[in-house]
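Everything below concerns the one structure shown next.
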2 protein chains.
Amino acid sequence: MRADARRNYDRLLAEAAAAFAERGSDEASLEEIARRADVGIGTLYRHFPTRPALLEAVYRDQVDALATLAEQLGAADEPGSALAQWMAAVTAFGSTKRSLSASLLETLGKDSELFSMCSTMLRATTTALLERAQQAGVARADVDGQDLLRLLHGLMLACPTAPGSADQIERMLSMVVAGVLTEPVPA
Amino acid sequence: MRADARRNYDRLLAEAAAAFAERGSDEASLEEIARRADVGIGTLYRHFPTRPALLEAVYRDQVDALATLAEQLGAADEPGSALAQWMAAVTAFGSTKRSLSASLLETLGKDSELFSMCSTMLRATTTALLERAQQAGVARADVDGQDLLRLLHGLMLACPTAPGSADQIERMLSMVVAGVLTEPVPA
């Protein structure tokens, strides 16, 4: 892809992610996404011929970003703070995923490679980062990665979707972070 | 109700609650419930003419028990430990409620007085016990009752229902308890 095409592609993905989260993945207007990305609707359709193609690209992009973050955090200096950052990223990913999921499930099918790759990555990273924090003595030793991931999953399921509820989600997340770490994370 | 009728009624409720939780409220055998309560099936039908009547009685009984516990805990000496006990009771209630809910919703209707009374009681008690613990300086001051109840609700939604998962539920709950209390609860 040429550099300017790549820029358009990236801008379209970013605007689509925002629009899907705000208005829902079935309702968000593709024209408005193109307008906000400062490209013509023809450019949008050249990159993403259908709405499901755009949905899938947004989802893939976020899974990639999460995988990149997982690698960085695995090598971070502060295992407690790395775990807390990961928990925040998983929670944010969960809200986006929820805004995409119904339509994506239809398109990709429930057992698609992408979904199962994503679950495997979430499980493996959560377990690895928790174990690192446990070995450093900054996380409770009596819980495992599945316990923690399940609790985050619950948090996402119970999350309010109303606009303006970001503060409540943050407070709920901060309880879970405080519940797994044995020392406060430096702000 | 005569004393022996009352005893039968109470035994039937207890066995029904256990059977519904184990096998689901649509599948559990009424004959087996009667047998385990050590009464004839005629006695069961005299108290509970239909399966929905039995479901509703079990649910009402658990709401009553929760309301009684709420009163006791509101006057307990240790506000932190009272809050932790309440969180455990709400979580246990949630699992039972989930095993009853689908059928009960059909019978009672979504906006029944019983359901809304129960939600009001859960909200009011969670807020009151959290505020008491906050005033005693043993719970985080930056969360409110709705944050906490929503997080417990999430825990219940994400809870595994497979037999033998009680340990995992306990570990998830203990993270939430540790996340809201600022001092460990004496065991």
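Each chain in the structure tokens gets a letter, A, B, ..., in the order shown, and its residues are numbered from 1; ligands are numbered from 1 in order too.
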Per residue of chain A within 6 Å of chain B, which atom pair is closest and at what distance in Å (one decimal), using only C-alpha atoms, listed by chain and increasing number, as JSON lines?
```
{"residue": "A:Asp147", "atom": "CA", "partner": "B:Met172", "partner_atom": "CA", "distance": 5.9}
{"residue": "A:Leu151", "atom": "CA", "partner": "B:Leu155", "partner_atom": "CA", "distance": 5.9}
{"residue": "A:Gly154", "atom": "CA", "partner": "B:Gly154", "partner_atom": "CA", "distance": 4.0}
{"residue": "A:Leu155", "atom": "CA", "partner": "B:Gly154", "partner_atom": "CA", "distance": 5.0}
{"residue": "A:Leu157", "atom": "CA", "partner": "B:Gly154", "partner_atom": "CA", "distance": 5.9}
{"residue": "A:Ala158", "atom": "CA", "partner": "B:Gly154", "partner_atom": "CA", "distance": 4.6}
{"residue": "A:Met172", "atom": "CA", "partner": "B:Asp147", "partner_atom": "CA", "distance": 5.9}
{"residue": "A:Met175", "atom": "CA", "partner": "B:Gly179", "partner_atom": "CA", "distance": 4.4}
{"residue": "A:Val176", "atom": "CA", "partner": "B:Gly179", "partner_atom": "CA", "distance": 5.6}
{"residue": "A:Ala178", "atom": "CA", "partner": "B:Gly179", "partner_atom": "CA", "distance": 4.6}
{"residue": "A:Gly179", "atom": "CA", "partner": "B:Gly179", "partner_atom": "CA", "distance": 3.6}
{"residue": "A:Val180", "atom": "CA", "partner": "B:Met175", "partner_atom": "CA", "distance": 5.8}
```
I need the chosen residues saved as a PDB file, in the first residue's frame, with N, CA, C and O atoms.
```
ATOM      1  N   ASP A 147      -9.304 -17.040  36.804  1.00  0.00           N
ATOM      2  CA  ASP A 147     -10.143 -16.320  37.777  1.00  0.00           C
ATOM      3  C   ASP A 147     -10.215 -14.844  37.395  1.00  0.00           C
ATOM      4  O   ASP A 147     -11.283 -14.224  37.385  1.00  0.00           O
ATOM      5  N   LEU A 151     -13.331 -12.552  35.888  1.00  0.00           N
ATOM      6  CA  LEU A 151     -13.852 -11.410  36.633  1.00  0.00           C
ATOM      7  C   LEU A 151     -13.886 -10.172  35.731  1.00  0.00           C
ATOM      8  O   LEU A 151     -14.849  -9.396  35.757  1.00  0.00           O
ATOM      9  N   GLY A 154     -16.800 -10.495  33.529  1.00  0.00           N
ATOM     10  CA  GLY A 154     -18.010 -10.110  34.256  1.00  0.00           C
ATOM     11  C   GLY A 154     -18.168  -8.601  34.314  1.00  0.00           C
ATOM     12  O   GLY A 154     -19.252  -8.066  34.111  1.00  0.00           O
ATOM     13  N   LEU A 155     -17.057  -7.931  34.596  1.00  0.00           N
ATOM     14  CA  LEU A 155     -17.084  -6.465  34.642  1.00  0.00           C
ATOM     15  C   LEU A 155     -17.615  -5.913  33.314  1.00  0.00           C
ATOM     16  O   LEU A 155     -18.477  -5.039  33.292  1.00  0.00           O
ATOM     17  N   LEU A 157     -19.468  -7.476  31.079  1.00  0.00           N
ATOM     18  CA  LEU A 157     -20.876  -7.830  30.887  1.00  0.00           C
ATOM     19  C   LEU A 157     -21.782  -6.895  31.677  1.00  0.00           C
ATOM     20  O   LEU A 157     -22.875  -6.561  31.240  1.00  0.00           O
ATOM     21  N   ALA A 158     -21.317  -6.496  32.876  1.00  0.00           N
ATOM     22  CA  ALA A 158     -22.157  -5.669  33.731  1.00  0.00           C
ATOM     23  C   ALA A 158     -21.992  -4.189  33.447  1.00  0.00           C
ATOM     24  O   ALA A 158     -22.731  -3.373  33.979  1.00  0.00           O
ATOM     25  N   MET A 172     -15.108   0.593  38.768  1.00  0.00           N
ATOM     26  CA  MET A 172     -15.250  -0.860  38.906  1.00  0.00           C
ATOM     27  C   MET A 172     -13.910  -1.547  38.621  1.00  0.00           C
ATOM     28  O   MET A 172     -13.487  -2.452  39.345  1.00  0.00           O
ATOM     29  N   MET A 175     -11.440  -1.285  41.429  1.00  0.00           N
ATOM     30  CA  MET A 175     -11.662  -2.240  42.533  1.00  0.00           C
ATOM     31  C   MET A 175     -11.024  -3.581  42.208  1.00  0.00           C
ATOM     32  O   MET A 175     -10.404  -4.214  43.062  1.00  0.00           O
ATOM     33  N   VAL A 176     -11.183  -4.030  40.965  1.00  0.00           N
ATOM     34  CA  VAL A 176     -10.616  -5.329  40.595  1.00  0.00           C
ATOM     35  C   VAL A 176      -9.082  -5.266  40.632  1.00  0.00           C
ATOM     36  O   VAL A 176      -8.421  -6.188  41.118  1.00  0.00           O
ATOM     37  N   ALA A 178      -7.267  -3.289  42.523  1.00  0.00           N
ATOM     38  CA  ALA A 178      -6.880  -3.281  43.933  1.00  0.00           C
ATOM     39  C   ALA A 178      -7.099  -4.654  44.564  1.00  0.00           C
ATOM     40  O   ALA A 178      -6.431  -5.018  45.537  1.00  0.00           O
ATOM     41  N   GLY A 179      -8.028  -5.424  44.011  1.00  0.00           N
ATOM     42  CA  GLY A 179      -8.324  -6.740  44.563  1.00  0.00           C
ATOM     43  C   GLY A 179      -7.287  -7.785  44.214  1.00  0.00           C
ATOM     44  O   GLY A 179      -7.149  -8.781  44.910  1.00  0.00           O
ATOM     45  N   VAL A 180      -6.559  -7.573  43.131  1.00  0.00           N
ATOM     46  CA  VAL A 180      -5.579  -8.590  42.735  1.00  0.00           C
ATOM     47  C   VAL A 180      -4.159  -8.178  43.126  1.00  0.00           C
ATOM     48  O   VAL A 180      -3.343  -9.028  43.474  1.00  0.00           O
TER      49      VAL A 180
END
```
Residues within 9 Å of Glu31 in chain B, only C-alpha atoms, excluding chain neighbours under 4 positions, as a VMD selection string
chain B and resid 35 to 36 40 to 41 44
Could you save those same residues with N, CA, C and O atoms as a PDB file, in the first residue's frame?
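The result, written out as again32.pdb:
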```pdb
ATOM      1  N   ARG B  35     -39.361 -36.765  47.939  1.00  0.00           N
ATOM      2  CA  ARG B  35     -38.678 -37.898  48.578  1.00  0.00           C
ATOM      3  C   ARG B  35     -37.564 -37.410  49.492  1.00  0.00           C
ATOM      4  O   ARG B  35     -37.440 -37.838  50.623  1.00  0.00           O
ATOM      5  N   ARG B  36     -36.766 -36.458  48.988  1.00  0.00           N
ATOM      6  CA  ARG B  36     -35.653 -35.959  49.794  1.00  0.00           C
ATOM      7  C   ARG B  36     -36.134 -35.181  51.016  1.00  0.00           C
ATOM      8  O   ARG B  36     -35.464 -35.131  52.039  1.00  0.00           O
ATOM      9  N   GLY B  40     -44.757 -37.212  51.219  1.00  0.00           N
ATOM     10  CA  GLY B  40     -45.361 -37.755  50.005  1.00  0.00           C
ATOM     11  C   GLY B  40     -45.537 -36.662  48.960  1.00  0.00           C
ATOM     12  O   GLY B  40     -45.572 -35.469  49.294  1.00  0.00           O
ATOM     13  N   ILE B  41     -45.709 -37.076  47.694  1.00  0.00           N
ATOM     14  CA  ILE B  41     -45.882 -36.104  46.616  1.00  0.00           C
ATOM     15  C   ILE B  41     -47.184 -35.316  46.807  1.00  0.00           C
ATOM     16  O   ILE B  41     -47.287 -34.136  46.450  1.00  0.00           O
ATOM     17  N   LEU B  44     -46.482 -32.339  48.874  1.00  0.00           N
ATOM     18  CA  LEU B  44     -45.849 -31.290  48.055  1.00  0.00           C
ATOM     19  C   LEU B  44     -46.917 -30.508  47.292  1.00  0.00           C
ATOM     20  O   LEU B  44     -46.951 -29.272  47.346  1.00  0.00           O
TER      21      LEU B  44
END
```
Could you give me the residues within range 2-156 of chain A that DSSP places in alpha helix (DSSP H), as a count of residues only?
124
Interatomic distance between CA of Ala102 in chain A and CA of Ala67 in chain A?
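So the two atoms, CA of Ala102 in chain A and CA of Ala67 in chain A, lie 22.6 Å apart.
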Judged by only C-alpha atoms, the minimum distance to Glu71 in chain A among A:Val58, A:Ala88, A:Leu129, A:Leu30 is found for A:Leu129
Residues near range 6-14 of chain A, anyone? I mean within 6 Å using only C-alpha atoms, not counting same-chain ones fewer than 3 positions away, as a PyMOL selection string.
chain A and resi 1+3+17+37+58
Using C-alpha atoms, can you write the selected residues to a file as a PDB file, in the first residue's frame?
```pdb
ATOM      1  CA  MET A   1       0.000   0.000   0.000  1.00  0.00           C
ATOM      2  CA  ALA A   3       1.994   5.820   2.095  1.00  0.00           C
ATOM      3  CA  ALA A  17     -13.876   2.237  15.678  1.00  0.00           C
ATOM      4  CA  ALA A  37     -11.588  10.447   8.095  1.00  0.00           C
ATOM      5  CA  VAL A  58     -11.549  -2.779  13.047  1.00  0.00           C
TER       6      VAL A  58
END
```
Can you pull out the residues contacting Tyr59 in chain A? Cut-off 10 Å, using only C-alpha atoms, and skip same-chain residues under 5 positions away; I want them as a PDB file with N, CA and C atoms, in the first residue's frame.
```
ATOM      1  N   LEU A  13      -9.998   3.346   9.786  1.00  0.00           N
ATOM      2  CA  LEU A  13     -10.146   2.382  10.882  1.00  0.00           C
ATOM      3  C   LEU A  13     -10.401   3.090  12.206  1.00  0.00           C
ATOM      4  N   ALA A  17     -13.847   2.763  14.311  1.00  0.00           N
ATOM      5  CA  ALA A  17     -13.876   2.237  15.678  1.00  0.00           C
ATOM      6  C   ALA A  17     -14.643   3.193  16.582  1.00  0.00           C
ATOM      7  N   ALA A  53     -16.841  -6.092   6.165  1.00  0.00           N
ATOM      8  CA  ALA A  53     -15.392  -6.051   5.930  1.00  0.00           C
ATOM      9  C   ALA A  53     -14.751  -4.983   6.813  1.00  0.00           C
ATOM     10  N   LEU A  54     -15.446  -3.862   6.970  1.00  0.00           N
ATOM     11  CA  LEU A  54     -14.930  -2.786   7.828  1.00  0.00           C
ATOM     12  C   LEU A  54     -14.931  -3.212   9.299  1.00  0.00           C
ATOM     13  N   ASP A  64      -4.681  -6.905  17.087  1.00  0.00           N
ATOM     14  CA  ASP A  64      -3.248  -6.668  16.846  1.00  0.00           C
ATOM     15  C   ASP A  64      -2.660  -5.726  17.882  1.00  0.00           C
ATOM     16  N   ALA A  65      -3.393  -4.641  18.168  1.00  0.00           N
ATOM     17  CA  ALA A  65      -2.889  -3.655  19.126  1.00  0.00           C
ATOM     18  C   ALA A  65      -2.734  -4.300  20.503  1.00  0.00           C
ATOM     19  N   PHE A  93     -10.953  -3.087  25.459  1.00  0.00           N
ATOM     20  CA  PHE A  93     -11.165  -3.963  24.312  1.00  0.00           C
ATOM     21  C   PHE A  93     -12.541  -4.632  24.403  1.00  0.00           C
ATOM     22  N   THR A  96     -15.343  -2.345  23.222  1.00  0.00           N
ATOM     23  CA  THR A  96     -15.381  -2.224  21.763  1.00  0.00           C
ATOM     24  C   THR A  96     -15.901  -3.507  21.156  1.00  0.00           C
ATOM     25  N   LYS A  97     -15.362  -4.608  21.672  1.00  0.00           N
ATOM     26  CA  LYS A  97     -15.754  -5.890  21.109  1.00  0.00           C
ATOM     27  C   LYS A  97     -17.262  -6.067  21.217  1.00  0.00           C
ATOM     28  N   LEU A 100     -19.086  -4.482  18.530  1.00  0.00           N
ATOM     29  CA  LEU A 100     -18.925  -5.116  17.215  1.00  0.00           C
ATOM     30  C   LEU A 100     -19.548  -6.503  17.141  1.00  0.00           C
ATOM     31  N   SER A 101     -19.678  -7.128  18.308  1.00  0.00           N
ATOM     32  CA  SER A 101     -19.786  -8.582  18.323  1.00  0.00           C
ATOM     33  C   SER A 101     -20.934  -9.195  17.550  1.00  0.00           C
ATOM     34  N   LEU A 104     -20.298  -9.126  13.939  1.00  0.00           N
ATOM     35  CA  LEU A 104     -19.097  -9.892  13.608  1.00  0.00           C
ATOM     36  C   LEU A 104     -19.337 -11.392  13.713  1.00  0.00           C
ATOM     37  N   LEU A 114     -10.037 -16.182  14.046  1.00  0.00           N
ATOM     38  CA  LEU A 114      -9.725 -14.892  14.664  1.00  0.00           C
ATOM     39  C   LEU A 114     -10.205 -14.847  16.114  1.00  0.00           C
ATOM     40  N   PHE A 115     -11.445 -15.300  16.349  1.00  0.00           N
ATOM     41  CA  PHE A 115     -11.959 -15.303  17.718  1.00  0.00           C
ATOM     42  C   PHE A 115     -11.144 -16.225  18.608  1.00  0.00           C
TER      43      PHE A 115
END
```
